[in-house]
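Input: a single structure, listed below in structure tokens.
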Amino acid sequence: MSEKNITIGLLTSGGDAPGMNAAIRAVVRRGCYKGFRVIGIKRGYLGLLNEEFVELKERSVADILQAGGTMLGTERCLEMHEEDTQQKAADICRRNGIDSLIVIGGDGSFTGALRLAERGVSVIGVPGTIDCDIACTDYTIGFDTAINTAMRAIDNIRDTASSHAKCSMIEVMGRNSGYIALWSGLASGAEQALIPEKGDCDPAEIMDKVSLHRERGKKNNILINAEGVGTAEDLAGKVGERGGINVRTTVLSYIQRGGSPTCRDRVYASIMGAKAVDLIADGKANRVVAYKGDRFIDLDIKEALAMEGAMNENEEYICEIMESLSL
């Protein structure tokens with residue numbers, strides 16, 4: 001165990017994601033194992049600004065591994081875009097003896113962490129978002145649970161779509177990323193996944209494909225709409241008008257962000273949380289934990305945020321084969 005006298009601050013920020021509690025648990029217990037003091041910060045950056053602190057011990061994180069959401073709570077804090085607020089947050093960290101701040105969240109949360117780093121606060125980022133839209137990492141905490149939740153919901157909708165020979169459009173989350181739509185769509189046998197990475201969706205082209213499937217004897221059609229493309233209701237109306245049919249819509253919404261995390265999310269979150277503590281123990285600062293090529297690595301936070309997101313070859317291949325598998 002380490003003899004270093006280090007105090008770690010820990011917060012979750014932005015949208016909650018299944019597995020955040022597993023990461024929190026790992027940070028706290030790995031930190032205690034190394035002899036560090038861990039201070040939990042409630043409600044993200046807003047809680048930091050209000051100094052809503054609680055010391056976390058090993059027993060503080062008992063029985064949270066299987067729970068969705070985040071025991072620390074989270075809020076979106078628009079004030080962190082302001083330079084005066086960023087300086088105030090940095091001053092609060094120093095005044096409270098926080099040697100390093102671990103931030104679990106998405107790219108917006110990491111941007112806040114970068115601003116603190118620029119003001120002298122040591123920060124470590126852990127990627128937690130169901131959208132899987134952080135360019136520096138192939139995987140983010142919560143993604144696996146979200147796609148499994150979406151898949152089960154789509155399976156249920158297909159049952160009734162088949163019974164009534166209907167065309168259904170299902171809107172999933174993902175912000176400006178189509179990963180949830182793509183993965184849950186392929187897993188559930190959807191005919192089409194409408195994603196922002198492929199550009200604007202043409203209602204005529206969508207309806208032409210629906211008609212082709214009907215001509216081949218399909219009794220139902222499942223279309224997955226990523227929220228970054230637009231609302232399912234609006235797009236379904238245009239598609240239905242084109243084909244003279246009623247396209248039923250379902251918006252899965254926040255059910256994708258809740259629920260007990262899958263095994264993969266629990267394991268990856270635990271490793272990422274522990275690695276964040278290990279980076280601090282090794283004297284590293286201003287890093288982001290990432291998963292690349294089957295390895296858990298760390299990157300400079302400024303370089304990580306500068307990376308631009310794009311679908312990799314695997315996802316492009318999924319786009320290619322989805323249509324052929326839905327015949």
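Scheme for the structure tokens: letters A, B, ... for chains in order shown; per-chain residue numbers from 1; ligand numbers from 1 in order shown.
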
Within 8 Å of segment 7-18 of chain A, counting only C-alpha atoms, which residues qualify if same-chain residues fewer than 3 places away don't, as a compact mmCIF listing (two decimals) with C-alpha atoms, in the first residue's frame?
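Generated output (part-v4.txt):
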# COMPACT_ATOMS: atom_id res chain seq x y z
CA ASN A 21 -21.83 3.23 -9.55
CA ILE A 24 -17.49 5.01 -8.12
CA GLY A 31 -8.20 4.58 -3.30
CA PHE A 36 -5.81 7.71 -0.11
CA ARG A 37 -8.68 9.83 1.17
CA VAL A 38 -11.68 9.96 -1.19
CA ILE A 39 -14.16 12.85 -1.15
CA GLY A 40 -17.42 12.32 -3.02
CA ILE A 41 -18.91 15.41 -4.63
CA LYS A 42 -22.67 15.34 -5.03
CA ARG A 43 -24.53 16.63 -8.12
CA GLY A 44 -21.52 17.02 -10.40
CA TYR A 45 -19.92 20.40 -11.00
CA ALA A 67 -27.48 -0.37 -9.19
CA GLY A 68 -28.11 1.91 -12.16
CA GLY A 69 -27.77 5.67 -12.00
CA THR A 70 -25.16 7.30 -9.77
CA LEU A 72 -23.45 10.79 -6.08
CA GLY A 73 -26.17 12.30 -8.26
CA THR A 74 -25.52 14.41 -11.32
CA GLU A 75 -26.58 17.76 -12.74
CA ARG A 76 -25.79 19.65 -15.89
CA GLY A 97 -7.16 20.02 -0.21
CA ILE A 98 -8.25 18.02 -3.27
CA ASP A 99 -5.02 16.83 -4.87
CA SER A 100 -6.68 15.22 -7.89
CA LEU A 101 -10.22 15.28 -9.25
CA ILE A 102 -11.71 12.23 -10.98
CA VAL A 103 -14.56 13.13 -13.34
CA ILE A 104 -16.87 10.38 -14.63
CA GLY A 105 -18.93 11.59 -17.57
CA GLY A 106 -19.03 12.45 -21.26
CA GLY A 108 -18.97 17.92 -21.91
CA SER A 109 -17.83 16.78 -18.48
CA GLY A 128 -19.30 7.40 -18.78
CA THR A 129 -22.10 7.91 -21.32
CA ILE A 130 -24.54 5.55 -23.01
CA ILE A 141 -19.51 3.06 -19.47
CA GLY A 142 -23.25 2.47 -19.93
CA PHE A 143 -23.27 1.68 -23.65
CA THR A 145 -26.56 -1.79 -20.89
CA ALA A 146 -28.30 0.79 -23.09
CA ARG A 257 -30.28 5.21 -19.21
CA GLY A 258 -31.62 3.21 -16.29
CA GLY A 259 -31.54 -0.34 -15.04
CA SER A 260 -28.96 -2.67 -13.57
CA PRO A 261 -25.72 -2.58 -15.60
CA ASP A 265 -20.44 -2.46 -18.00

Backbone DSSP call of alpha helix (DSSP H) for segment 116-242 of chain A, listed as an MDAnalysis selection string: chainID A and resid 116:117 143:164 179:187 203:215 232:242

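Between atom CA of Cys93 of chain A and atom CA of Tyr291 of chain A the interatomic distance comes to 28.1 Å.
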
Distance in Å - atom CA of Asp234 of chain A versus atom CA of Leu325 of chain A: 26.9 Å

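Relative to atom CA of Leu252 of chain A, atom CA of Val172 of chain A is found at 5.7 Å.
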
A:Ile321, A:Val247, A:Ile64, A:Cys263 ranked by distance to His164 of chain A, top pick (using only C-alpha atoms):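 Of A:Ile321, A:Val247, A:Ile64, A:Cys263, the one nearest His164 of chain A, counting only C-alpha atoms, is A:Val247.
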
Which residues of segment 248-289 of chain A come within 9 Å of segment 115-125 of chain A, and for each one, what is the closest pair of atoms and their distance in Å to one decimal, counting only C-alpha atoms, sorted by chain and residue number, as CSV?
residue,atom,partner,partner_atom,distance
A:Ala276,CA,A:Ile124,CA,6.3
A:Val277,CA,A:Ile124,CA,8.6
A:Leu279,CA,A:Ile124,CA,8.1
A:Ile280,CA,A:Ile124,CA,8.0
A:Lys284,CA,A:Ser122,CA,8.4
A:Ala285,CA,A:Ser122,CA,5.1
A:Asn286,CA,A:Val123,CA,4.7
A:Arg287,CA,A:Ile124,CA,5.0
A:Val288,CA,A:Gly125,CA,4.4
A:Val289,CA,A:Gly125,CA,6.1

Contacts of Thr231 of chain A at 10 Å (only C-alpha atoms; same-chain gap of 5+ positions) as a PyMOL selection string: chain A and resi 170-172+225-226+236+249+251

C-alpha atoms of the current selection, written as a PDB file, in the first residue's frame:
ATOM      1  CA  ILE A 170     -38.514   3.251 -32.840  1.00  0.00           C
ATOM      2  CA  GLU A 171     -36.516   6.229 -31.632  1.00  0.00           C
ATOM      3  CA  VAL A 172     -33.456   5.517 -29.508  1.00  0.00           C
ATOM      4  CA  ASN A 225     -34.320   6.062 -35.651  1.00  0.00           C
ATOM      5  CA  ALA A 226     -31.393   7.665 -33.813  1.00  0.00           C
ATOM      6  CA  ALA A 236     -42.586   8.526 -39.605  1.00  0.00           C
ATOM      7  CA  THR A 249     -43.793   5.356 -33.511  1.00  0.00           C
ATOM      8  CA  VAL A 251     -39.778   6.674 -28.280  1.00  0.00           C
TER       9      VAL A 251
END

Residues within 10 Å of segment 203-206 of chain A, only C-alpha atoms, excluding chain neighbours under 5 positions, as number ranges by chain: A: 191-192, 194, 211, 223, 235-243

Take the residues just selected and output them with C-alpha atoms as a PDB file, in the first residue's frame.
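Now in again_10.pdb:
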ATOM      1  CA  GLU A 191     -34.690  -3.561 -41.476  1.00  0.00           C
ATOM      2  CA  GLN A 192     -33.108  -0.113 -41.290  1.00  0.00           C
ATOM      3  CA  LEU A 194     -31.407   5.691 -39.525  1.00  0.00           C
ATOM      4  CA  SER A 211     -42.243  -1.615 -49.937  1.00  0.00           C
ATOM      5  CA  LEU A 223     -37.066   0.965 -38.442  1.00  0.00           C
ATOM      6  CA  LEU A 235     -39.908  11.219 -39.920  1.00  0.00           C
ATOM      7  CA  ALA A 236     -42.586   8.526 -39.605  1.00  0.00           C
ATOM      8  CA  GLY A 237     -45.195  10.989 -40.839  1.00  0.00           C
ATOM      9  CA  LYS A 238     -43.167  11.762 -43.937  1.00  0.00           C
ATOM     10  CA  VAL A 239     -42.449   8.084 -44.633  1.00  0.00           C
ATOM     11  CA  GLY A 240     -46.092   7.105 -44.124  1.00  0.00           C
ATOM     12  CA  GLU A 241     -47.307   9.906 -46.356  1.00  0.00           C
ATOM     13  CA  ARG A 242     -44.974   8.733 -49.085  1.00  0.00           C
ATOM     14  CA  GLY A 243     -46.277   5.144 -48.936  1.00  0.00           C
TER      15      GLY A 243
END

Expected answer as a list in words: strand (DSSP E or B) residues in segment 19-122 of chain A: Arg37, Val38, Ile39, Gly40, Ile41, Phe53, Val54, Glu55, Leu56, Ser100, Leu101, Ile102, Val103, Ile104 and Gly105 of chain A

Closest of A:Leu49, A:Ser60, A:Tyr254, A:Thr85 to Arg25 of chain A - atom-to-atom distances counting only C-alpha atoms: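 Among A:Leu49, A:Ser60, A:Tyr254, A:Thr85, it is A:Ser60 that comes nearest to Arg25 of chain A.
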
Best match for closeness to Arg295 of chain A among A:Glu58, A:Asp138, A:Glu313, A:Asp84, counting only C-alpha atoms: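 Of the candidates, the smallest distance to Arg295 of chain A is held by A:Asp138.
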
Closest of A:Leu186, A:Ile271, A:Cys201, A:Ile195 to Glu323 of chain A - atom-to-atom distances counting only C-alpha atoms: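 Among the listed residues, the smallest separation from Glu323 of chain A belongs to A:Leu186.
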
Within 8 Å of Ala190 of chain A using only C-alpha atoms, minus same-chain residues under 2 positions, as a count of residues only: 12

A:Leu48, A:Thr250, A:Gly35, A:Gln66 ranked by distance to Ser270 of chain A, top pick (using only C-alpha atoms): A:Gln66

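Among A:Ala113, A:Ser324, A:Gly19, A:Gln86, the residue with the shortest atom-to-atom distance to Gly189 of chain A, counting only C-alpha atoms, is A:Ser324.
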
Arg30 of chain A surroundings by only C-alpha atoms, 8 Å radius, close-in-sequence under 3 positions cut, as an NGL selection string: :A and (26-27 or 33-34 or 274 or 277)
